[in-house]
Amino acid sequence: MSAAALAEATEHQGRARVALTAGLAHGPSHAYLFRGPRGSGKRAAARAFAAEILADGADDPDDARRRALLDPSPHPDLVWLAPRGAQHMVDEVRERVIRASVYRPFEGEHRVFVVEAAEAMRDESQNALLKTLEEPPPFVHLILLTSEPDGLLETIASRCQPVDFAPLPAEVVEAQLAATPEAAGAASEEIAAAARLAAGDLERARLLLSPTGRELRGEVEATIAATLADELSTAPWRRLLERATKAGEEAEGAAREALEEDSQAGIKRTAKDLTDGAKRAGRRRRTEILDLGLELTALWLRDLAALAADAEEVVFDRDRLDVLRAQAAKVDPTWARAGAGAVQDTRRGLDLNVSEELALEALFYRLARTA
């Protein structure tokens, strides 16, 4: 069985490659849980693994593999489910996975069902899927992908064979990022910075090179500068909130458009489902961008601590070295390290539904008082 695509997809994921190769050699399990950070290659590995499963026993293995590797795939025995908005629709999980899994393969010996962002399934969907995981037909293989395994019910996770994906090394992300459309026209220093700030997540690195990411980084830099100058009367942290809100509105509009296209294509949704789905997508994006802004703030403070300690080689914001050096000359590295910790505390606190604006105001005034 040829598995060149699988080897390529898991080139930097040794543990995953060993687990999946063994699965193909001894017969694939009925259910897998691919878990690891976004951008670590789970999606490409799932498509390559599904292609090998479908090629096994096919009349023309090479053709079955070729069709399964296409995105979107025309192979009738590969069902790929991705959320349109912030969550999977319950009806789609029931119709396209649970009920569809009882039908025998259209060709060959296997059927593969892949669920992207499995944590985005509601508890109702996860509970409904449980019986399929417990008593699947012998020809069915399910692959769940998640970057947030805590969002899955334990009963779901325990019935899947886990396959772990690690964050990609910064140099790998940098090389892959350089070949993306977002990197066109970007300076090498900015590409290197985005790769390091992304923490092994290629998707996040691409975001950092987008207009949204560049604006967010600029707002973080401006807010830190205002904090160090004790010029907080204009509430500069509000720019982070405004950027997150704008990104959320854009995501809500895009999700609404996609859901309306689905409705026109015959997928039944009520007006309330459409509105709620779009709003969930907007809220999710807003939360993601605000959290990223705070993470970038913590990393900027970490870079200040590194420069103040003469450790320039570990700086992440490599394209902003001049600004960082000027600021680092005026700060105590102990303050910068403590400030990074305070930002992380604020990120965790926002999960408790506290007022975002009050939390950010308290954070930056605290940093200004101790600088």
# chains A, B, ... in the order shown; residues from 1 in each chain; ligands from 1
$ closest_atom_pairs --of "region 285-362 of chain A" --to "region 195-208 of chain A" --cutoff "10 Å" --atoms "only C-alpha atoms" --output "CSV"
residue,atom,partner,partner_atom,distance
A:Ile289,CA,A:Leu207,CA,9.9
A:Leu292,CA,A:Arg204,CA,9.2
A:Glu295,CA,A:Leu197,CA,9.1
A:Leu296,CA,A:Leu197,CA,7.4
A:Leu299,CA,A:Leu197,CA,7.6
A:Trp300,CA,A:Leu197,CA,9.6
A:Val314,CA,A:Arg196,CA,9.6
A:Val315,CA,A:Arg196,CA,8.7
A:Phe316,CA,A:Arg196,CA,5.5
A:Asp317,CA,A:Leu197,CA,7.2
A:Arg318,CA,A:Arg196,CA,8.8
$ select_by_dssp --residues "region 40-276 of chain A" --states "helix (DSSP H, G or I)" --output "ChimeraX atom specification"
/A:42-55,61-69,90-102,118-120,123-134,149-151,154-157,170-178,181-183,188-197,202-208,211-228,238-264,271-276
$ atom_distance --atom1 "CA of Asp310 (chain A)" --atom2 "CA of Asp322 (chain A)"
14.2 Å
$ atom_distance --atom1 "CA of Tyr365 (chain A)" --atom2 "CA of Arg325 (chain A)"
22.8 Å
$ closest_residue --among "A:Pro76, A:Lys279, A:Ala128, A:Leu168" --to "Ile156 (chain A)" --atoms "only C-alpha atoms"
A:Ala128
$ closest_residue --among "A:Gly14, A:Gly248, A:Pro136, A:Gly39" --to "Gly282 (chain A)" --atoms "only C-alpha atoms"
A:Gly248
$ select_by_dssp --residues "region 93-253 of chain A" --states "strand (DSSP E or B)" --output "MDAnalysis selection string"
chainID A and resid 111:115 140:146 161:164
$ closest_residue --among "A:Ala100, A:Ala7, A:Leu321, A:Val140" --to "Glu221 (chain A)" --atoms "only C-alpha atoms"
A:Leu321
$ closest_residue --among "A:Arg320, A:Arg256, A:Lys246, A:Arg38" --to "Val220 (chain A)" --atoms "only C-alpha atoms"
A:Arg320
$ residues_around --residues "Arg65 (chain A)" --least-positions-apart "6" --cutoff "8 Å" --atoms "only C-alpha atoms" --output "JSON, numbers by chain"
{"A": [51, 52, 54, 55]}
$ closest_residue --among "A:Val163, A:Glu8, A:Glu116, A:Tyr103" --to "Ala31 (chain A)" --atoms "only C-alpha atoms"
A:Val163
$ closest_residue --among "A:Val93, A:Leu360, A:Ala278, A:Ala22" --to "Glu124 (chain A)" --atoms "only C-alpha atoms"
A:Val93
